[in-house]
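Enquirer: To be precise about what I am sending: the file is called entry_26.tsv and holds TSV, C-alpha atoms.
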```tsv
chain	number	residue	atom	x	y	z
A	186	MET	CA	107.89	67.70	67.77
A	187	PRO	CA	104.80	69.04	69.56
A	188	GLY	CA	101.99	70.17	67.26
A	189	LYS	CA	100.24	73.51	67.29
A	190	THR	CA	97.61	72.22	69.69
A	191	ALA	CA	100.27	71.19	72.20
A	192	PHE	CA	101.94	74.58	72.00
A	193	ALA	CA	98.59	76.27	72.44
A	194	ALA	CA	97.83	74.12	75.49
A	195	LEU	CA	101.18	74.86	77.08
A	196	ALA	CA	100.76	78.57	76.37
A	197	LEU	CA	97.33	78.50	77.99
A	198	VAL	CA	98.72	76.80	81.07
A	199	ALA	CA	101.53	79.35	81.28
A	200	VAL	CA	99.06	82.23	81.11
A	201	PHE	CA	96.77	80.54	83.64
A	202	SER	CA	99.62	79.89	86.06
A	203	SER	CA	100.97	83.42	85.71
A	204	SER	CA	97.53	84.86	86.35
A	205	ALA	CA	97.01	82.65	89.40
A	206	GLN	CA	100.40	83.49	90.88
A	207	ALA	CA	99.69	87.20	90.50
A	208	GLN	CA	96.81	86.98	93.00
A	209	TYR	CA	97.40	88.47	96.44
A	210	ASN	CA	96.41	86.02	99.18
A	211	PRO	CA	97.66	87.37	102.52
A	212	PHE	CA	97.95	84.91	105.38
A	213	GLY	CA	97.90	86.36	108.87
A	214	VAL	CA	98.45	90.01	109.73
A	215	GLN	CA	100.44	91.95	107.13
A	216	GLN	CA	102.16	95.31	107.59
A	217	ASN	CA	103.15	98.10	105.19
A	218	VAL	CA	101.53	96.70	102.06
A	219	ALA	CA	101.20	98.83	98.92
A	220	VAL	CA	97.63	99.51	97.85
A	221	SER	CA	98.67	98.52	94.32
A	222	THR	CA	99.63	95.05	95.61
A	223	VAL	CA	96.12	94.56	96.95
A	224	THR	CA	94.17	96.00	94.02
A	225	GLY	CA	96.50	94.39	91.50
A	226	GLY	CA	96.01	91.07	93.26
A	227	GLY	CA	92.30	90.69	92.65
A	228	TRP	CA	90.82	92.77	95.48
A	229	THR	CA	88.36	95.64	95.02
A	230	GLN	CA	87.91	98.49	97.46
A	231	CYS	CA	84.36	98.44	98.79
A	232	TYR	CA	84.41	100.85	101.75
A	233	SER	CA	86.58	103.59	103.22
A	234	ALA	CA	86.07	106.20	105.90
A	235	THR	CA	88.13	108.09	108.41
A	236	MET	CA	88.58	106.64	111.87
A	237	ALA	CA	86.20	109.33	113.09
A	238	GLU	CA	83.28	107.74	111.27
A	239	TRP	CA	81.08	105.05	112.76
A	240	ILE	CA	80.55	101.74	110.94
A	241	GLY	CA	77.17	100.98	112.55
A	242	PHE	CA	75.93	98.86	115.47
A	243	ASN	CA	76.36	95.71	113.37
A	244	ALA	CA	79.09	97.10	111.09
A	245	GLU	CA	76.30	97.43	108.53
A	246	ASN	CA	77.91	100.45	106.87
A	247	VAL	CA	80.77	98.16	105.84
A	248	LEU	CA	78.92	94.89	105.34
A	249	ASN	CA	76.19	96.41	103.17
A	250	ALA	CA	78.92	97.66	100.82
A	251	CYS	CA	81.22	94.62	100.99
A	252	THR	CA	79.10	91.64	100.00
A	253	GLN	CA	81.52	89.17	98.40
A	254	ASN	CA	82.86	86.01	100.02
A	255	GLU	CA	86.22	87.43	101.13
A	256	ILE	CA	86.77	90.66	103.03
A	257	MET	CA	89.92	92.54	104.00
A	258	MET	CA	90.17	95.07	106.83
A	259	SER	CA	93.02	97.55	106.61
A	260	GLY	CA	94.13	100.89	107.99
A	261	ARG	CA	96.37	103.65	106.72
A	262	VAL	CA	97.30	107.29	107.00
A	263	ARG	CA	94.53	109.08	105.15
A	264	GLY	CA	95.14	109.02	101.41
A	265	SER	CA	98.39	107.04	101.65
A	266	SER	CA	99.37	104.52	98.99
A	267	THR	CA	100.58	102.15	101.72
A	268	LEU	CA	98.36	100.19	104.10
A	269	LEU	CA	99.84	100.15	107.59
A	270	LEU	CA	98.10	96.94	108.54
A	271	LEU	CA	95.72	94.40	107.03
A	272	ALA	CA	94.19	90.99	107.45
A	273	ALA	CA	91.67	89.13	105.33
A	274	GLY	CA	89.38	86.13	105.53
A	275	ASN	CA	86.01	84.64	104.77
A	276	ARG	CA	83.32	87.29	105.35
A	277	ALA	CA	81.08	85.05	107.44
A	278	ALA	CA	83.98	83.77	109.54
A	279	VAL	CA	85.45	87.18	110.41
A	280	THR	CA	82.01	88.41	111.49
A	281	THR	CA	81.27	85.42	113.73
A	282	ASN	CA	79.88	86.79	117.00
A	283	THR	CA	82.43	86.31	119.79
A	284	SER	CA	80.10	88.11	122.26
A	285	ALA	CA	79.93	91.64	123.60
A	286	SER	CA	82.07	91.05	126.64
A	287	ASN	CA	85.73	91.19	127.57
A	288	ASN	CA	86.15	87.41	127.45
A	289	GLY	CA	89.25	87.21	125.29
A	290	ILE	CA	87.48	84.86	122.86
A	291	THR	CA	88.57	85.13	119.24
A	292	ASN	CA	87.92	83.21	116.03
A	293	THR	CA	91.03	82.08	114.14
A	294	VAL	CA	90.59	82.85	110.45
A	295	ASN	CA	93.32	82.66	107.80
A	296	GLY	CA	96.21	83.00	110.22
A	297	ALA	CA	94.81	85.82	112.38
A	298	ASP	CA	92.61	85.99	115.47
A	299	TRP	CA	89.36	87.85	114.75
A	300	TYR	CA	86.56	89.06	117.02
A	301	PHE	CA	83.22	90.70	116.34
A	302	ALA	CA	80.14	91.69	118.30
A	303	PRO	CA	77.25	94.07	117.64
A	304	ASN	CA	77.52	97.26	119.68
A	305	TRP	CA	81.04	96.33	120.84
A	306	PRO	CA	84.21	95.76	118.71
A	307	TRP	CA	85.34	94.32	115.38
A	308	GLY	CA	88.98	93.62	114.72
A	309	PHE	CA	91.91	91.24	114.56
A	310	ALA	CA	95.23	90.46	116.21
A	311	GLN	CA	98.24	88.37	115.30
A	312	LEU	CA	97.77	84.63	115.67
A	313	GLY	CA	98.07	83.59	119.30
A	314	GLY	CA	98.07	87.16	120.62
A	315	SER	CA	95.67	87.59	123.51
A	316	VAL	CA	93.16	90.41	123.24
A	317	ASN	CA	91.67	92.71	125.85
A	318	LYS	CA	88.27	93.62	124.44
A	319	PHE	CA	87.53	96.54	126.69
A	320	GLU	CA	85.21	97.92	124.02
A	321	CYS	CA	88.24	97.52	121.73
A	322	ASP	CA	91.50	95.60	122.04
A	323	THR	CA	93.74	97.57	124.41
A	324	ASN	CA	96.63	95.10	124.59
A	325	ALA	CA	99.98	96.37	123.31
A	326	GLY	CA	101.26	95.35	119.89
A	327	ASP	CA	101.65	96.63	116.36
A	328	GLN	CA	99.74	93.77	114.69
A	329	ARG	CA	96.30	94.66	115.98
A	330	MET	CA	93.41	96.62	114.50
A	331	CYS	CA	90.13	97.41	116.18
A	332	LEU	CA	87.02	99.32	115.14
A	333	HIS	CA	84.10	100.19	117.37
A	334	THR	CA	80.62	99.03	116.58
A	335	LEU	CA	79.60	101.40	119.34
A	336	ALA	CA	78.44	104.80	118.19
A	337	VAL	CA	82.04	106.06	117.82
A	338	GLY	CA	84.87	105.61	115.33
A	339	GLY	CA	87.85	103.25	115.29
A	340	PHE	CA	90.24	102.66	118.17
A	341	ARG	CA	93.57	101.48	116.75
A	342	ILE	CA	95.62	100.65	113.66
A	343	GLY	CA	98.66	98.74	114.84
A	344	SER	CA	100.76	100.87	117.16
A	345	VAL	CA	98.65	103.93	116.35
A	346	GLU	CA	96.29	103.79	119.30
A	347	ASP	CA	93.12	105.67	120.07
A	348	PRO	CA	92.69	107.52	116.74
A	349	THR	CA	88.94	107.72	117.51
A	350	LEU	CA	87.50	110.90	116.04
A	351	SER	CA	90.70	111.41	114.05
A	352	THR	CA	90.46	112.27	110.37
A	353	ASP	CA	94.22	111.73	109.90
A	354	TYR	CA	93.76	107.96	109.61
A	355	GLU	CA	91.25	105.86	107.75
A	356	LYS	CA	89.90	102.33	107.62
A	357	VAL	CA	89.72	100.76	104.18
A	358	PHE	CA	87.94	97.53	103.26
A	359	TYR	CA	88.44	95.40	100.18
A	360	GLN	CA	86.48	92.42	98.91
A	361	GLY	CA	87.10	89.40	96.72
A	362	SER	CA	85.07	86.57	95.30
A	363	GLY	CA	87.23	83.90	96.92
A	364	ALA	CA	88.36	82.65	93.51
A	365	THR	CA	91.95	83.82	93.93
A	366	ALA	CA	93.54	80.63	95.18
A	367	VAL	CA	96.59	79.41	93.28
A	368	PRO	CA	95.83	76.01	91.67
A	369	GLU	CA	97.84	72.96	92.66
A	370	PRO	CA	100.67	72.17	90.18
A	371	SER	CA	99.12	68.73	89.60
A	372	SER	CA	95.87	70.37	88.51
A	373	VAL	CA	97.69	72.56	86.02
A	374	ALA	CA	99.60	69.58	84.62
A	375	LEU	CA	96.40	67.55	84.35
A	376	MET	CA	94.73	70.35	82.44
A	377	ALA	CA	97.70	70.56	80.04
A	378	SER	CA	97.72	66.80	79.45
A	379	GLY	CA	94.01	66.83	78.74
A	380	LEU	CA	94.31	69.66	76.25
A	381	ILE	CA	97.23	68.00	74.45
A	382	ALA	CA	95.38	64.66	74.28
A	383	LEU	CA	92.29	66.39	72.94
A	384	GLY	CA	94.41	68.07	70.28
A	385	GLY	CA	95.80	64.68	69.20
A	386	ILE	CA	92.31	63.22	68.83
A	387	ILE	CA	91.19	66.16	66.72
A	388	ARG	CA	94.26	65.86	64.44
A	389	ARG	CA	93.71	62.12	63.88
A	390	ARG	CA	90.06	62.62	63.01
A	391	THR	CA	90.97	65.44	60.64
A	392	ARG	CA	93.54	63.25	58.83
A	393	ALA	CA	91.10	60.32	58.64
A	394	ALA	CA	88.51	62.54	56.99
```
Mind turning this structure into structure tokens?

Expert:
Amino acid sequence: MPGKTAFAALALVAVFSSSAQAQYNPFGVQQNVAVSTVTGGGWTQCYSATMAEWIGFNAENVLNACTQNEIMMSGRVRGSSTLLLLAAGNRAAVTTNTSASNNGITNTVNGADWYFAPNWPWGFAQLGGSVNKFECDTNAGDQRMCLHTLAVGGFRIGSVEDPTLSTDYEKVFYQGSGATAVPEPSSVALMASGLIALGGIIRRRTRAA
């Protein structure tokens, strides 16, 4: 029958696994996500403003506030508990300069196509969806979000287009440390085996003493 150390090890693994599985790790563009799902999944809000507010020539208003490894861009009706649209990825990757021109170039990050350029646009679209970066993405589709880095507000949140200067909608950013990945089952099992073996060694030494 397993000893106390084995039970303790298994309990620790169970807690660890439960905690890991509770993390929210969105892949690609997500729609209609509860704010509680995001904040309860390890993300912290770092910036919010209405679509009427400018984020800076280099998005510095956002990036100075959101400094961790992972960043999430989302949009919602102002004050709503549901995010209409979101996508997340490595901070450096989603701010890779894709040039201030309507060249259709994007950077695929975590299942979504991102684009960024100083004094032009910052946003994302569904994987494989072409973009028309005429200052902001003007192609049709409900899985697209675009903010201006021009001296104006945001352009679109999904199918809600041209909300620039609108205070009815807002952009909300969240950040994470990047430590939210769910561990491989083999890693969890290895940790459990190691803890159980260590417990056996301690018991034998205790009895020998």

Enquirer: Just the number, please: distance in Å from atom CA of A:Asn282 to atom CA of A:Ser351, one decimal.

Expert: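 So the answer is 27.1 Å.
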
Enquirer: Using only C-alpha atoms, which residues sit within 7 Å of A:Lys318 once same-chain residues fewer than 5 positions away are excluded, as a ChimeraX atom specification?

Expert: /A:287,289,323

Enquirer: For A:Ser266, which residue among A:Ser286, A:Ala219, A:Leu335, A:Asp347 is the nearest when counting all atoms listed in the file?

Expert: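 Of A:Ser286, A:Ala219, A:Leu335, A:Asp347, the one nearest A:Ser266 is A:Ala219, counting all atoms listed in the file.
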
Enquirer: Using all atoms listed in the file, determine which residues lie at most 10 Å from A:Val218, disregarding the query and same-chain residues fewer than 4 positions distant; provide the list as a CSV table (one decimal) with C-alpha atoms, keeping the file's coordinate frame.

Expert:
```csv
chain,number,residue,atom,x,y,z
A,222,THR,CA,99.6,95.0,95.6
A,223,VAL,CA,96.1,94.6,97.0
A,259,SER,CA,93.0,97.6,106.6
A,261,ARG,CA,96.4,103.6,106.7
A,266,SER,CA,99.4,104.5,99.0
A,267,THR,CA,100.6,102.2,101.7
A,268,LEU,CA,98.4,100.2,104.1
A,269,LEU,CA,99.8,100.2,107.6
A,270,LEU,CA,98.1,96.9,108.5
A,271,LEU,CA,95.7,94.4,107.0
```

Enquirer: Find the residues around stretch 243-248 of chain A up to 12 Å (only C-alpha atoms counted), leave out those fewer than 6 positions away in its own chain, and share them as JSON, numbers by chain.

Expert: {"A": [230, 231, 232, 233, 234, 254, 255, 256, 257, 258, 276, 277, 279, 280, 281, 282, 285, 301, 302, 303, 304, 305, 306, 307, 308, 332, 333, 334, 335, 336, 337, 338, 339, 356, 357, 358, 359, 360]}

Enquirer: What does the distance between atom CA of A:Cys251 and atom CA of A:Ser221 come to in Å, to one decimal place?

Expert: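 Spanning atom CA of A:Cys251 to atom CA of A:Ser221 is a straight-line distance of 19.1 Å.
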
Enquirer: If I take atom CA of A:Gly226 and atom CA of A:Gly313, how far is one from the other in Å, to one decimal?

Expert: 27.2 Å

Enquirer: In terms of the shortest atom-to-atom distance over only C-alpha atoms, which of A:Tyr300, A:Tyr354, A:Phe242, A:Phe340 is closest to A:Ser284?

Expert: A:Tyr300

Enquirer: With N, CA, C and O atoms as the target, complete stretch 312-335 of chain A and hand it back as a short mmCIF file (atom, residue, chain, number, x, y, z; two decimals), in the coordinates of the input.

Expert:
```
data_model
loop_
_atom_site.label_atom_id
_atom_site.label_comp_id
_atom_site.auth_asym_id
_atom_site.auth_seq_id
_atom_site.Cartn_x
_atom_site.Cartn_y
_atom_site.Cartn_z
N LEU A 312 98.13 85.97 115.22
CA LEU A 312 97.77 84.63 115.67
C LEU A 312 98.40 84.35 117.03
O LEU A 312 99.60 84.52 117.23
N GLY A 313 97.58 83.93 117.97
CA GLY A 313 98.07 83.59 119.30
C GLY A 313 98.23 84.76 120.24
O GLY A 313 98.58 84.58 121.41
N GLY A 314 97.96 85.98 119.76
CA GLY A 314 98.07 87.16 120.62
C GLY A 314 96.78 87.35 121.41
O GLY A 314 95.70 87.44 120.83
N SER A 315 96.88 87.40 122.71
CA SER A 315 95.67 87.59 123.51
C SER A 315 95.10 88.99 123.29
O SER A 315 95.82 89.92 122.93
N VAL A 316 93.81 89.12 123.44
CA VAL A 316 93.16 90.41 123.24
C VAL A 316 92.45 90.84 124.51
O VAL A 316 92.00 90.01 125.30
N ASN A 317 92.38 92.13 124.71
CA ASN A 317 91.67 92.71 125.85
C ASN A 317 90.55 93.56 125.29
O ASN A 317 90.74 94.74 124.99
N LYS A 318 89.38 92.94 125.11
CA LYS A 318 88.27 93.62 124.44
C LYS A 318 87.51 94.52 125.40
O LYS A 318 86.35 94.30 125.72
N PHE A 319 88.20 95.53 125.86
CA PHE A 319 87.53 96.54 126.69
C PHE A 319 86.95 97.57 125.72
O PHE A 319 87.52 98.62 125.48
N GLU A 320 85.81 97.23 125.16
CA GLU A 320 85.21 97.92 124.02
C GLU A 320 86.03 97.69 122.77
O GLU A 320 85.51 97.31 121.73
N CYS A 321 87.33 97.90 122.81
CA CYS A 321 88.24 97.52 121.73
C CYS A 321 89.50 96.93 122.34
O CYS A 321 89.74 97.10 123.55
N ASP A 322 90.30 96.26 121.54
CA ASP A 322 91.50 95.60 122.04
C ASP A 322 92.52 96.63 122.52
O ASP A 322 93.05 97.41 121.74
N THR A 323 92.80 96.61 123.83
CA THR A 323 93.74 97.57 124.41
C THR A 323 95.10 96.97 124.70
O THR A 323 95.97 97.66 125.24
N ASN A 324 95.31 95.69 124.37
CA ASN A 324 96.63 95.10 124.59
C ASN A 324 97.67 95.74 123.66
O ASN A 324 97.34 96.18 122.55
N ALA A 325 98.91 95.77 124.11
CA ALA A 325 99.98 96.37 123.31
C ALA A 325 100.32 95.49 122.12
O ALA A 325 100.15 94.27 122.15
N GLY A 326 100.82 96.10 121.06
CA GLY A 326 101.26 95.35 119.89
C GLY A 326 100.95 96.09 118.61
O GLY A 326 99.95 96.81 118.52
N ASP A 327 101.82 95.90 117.61
CA ASP A 327 101.65 96.63 116.36
C ASP A 327 100.96 95.80 115.28
O ASP A 327 100.89 96.21 114.12
N GLN A 328 100.44 94.61 115.65
CA GLN A 328 99.74 93.77 114.69
C GLN A 328 98.28 93.59 115.10
O GLN A 328 97.72 92.49 115.04
N ARG A 329 97.67 94.68 115.50
CA ARG A 329 96.30 94.66 115.98
C ARG A 329 95.53 95.82 115.34
O ARG A 329 96.06 96.91 115.19
N MET A 330 94.28 95.56 114.99
CA MET A 330 93.41 96.62 114.50
C MET A 330 92.04 96.43 115.11
O MET A 330 91.55 95.30 115.20
N CYS A 331 91.43 97.52 115.55
CA CYS A 331 90.13 97.41 116.18
C CYS A 331 89.26 98.62 115.82
O CYS A 331 89.69 99.76 115.91
N LEU A 332 88.03 98.30 115.43
CA LEU A 332 87.02 99.32 115.14
C LEU A 332 85.87 99.15 116.11
O LEU A 332 85.51 98.04 116.47
N HIS A 333 85.27 100.26 116.50
CA HIS A 333 84.10 100.19 117.37
C HIS A 333 82.85 99.91 116.55
O HIS A 333 82.69 100.43 115.44
N THR A 334 81.98 99.08 117.10
CA THR A 334 80.62 99.03 116.58
C THR A 334 79.69 99.76 117.55
O THR A 334 78.48 99.70 117.42
N LEU A 335 80.30 100.42 118.52
CA LEU A 335 79.60 101.40 119.34
C LEU A 335 79.41 102.65 118.47
O LEU A 335 79.93 102.72 117.36
#
```
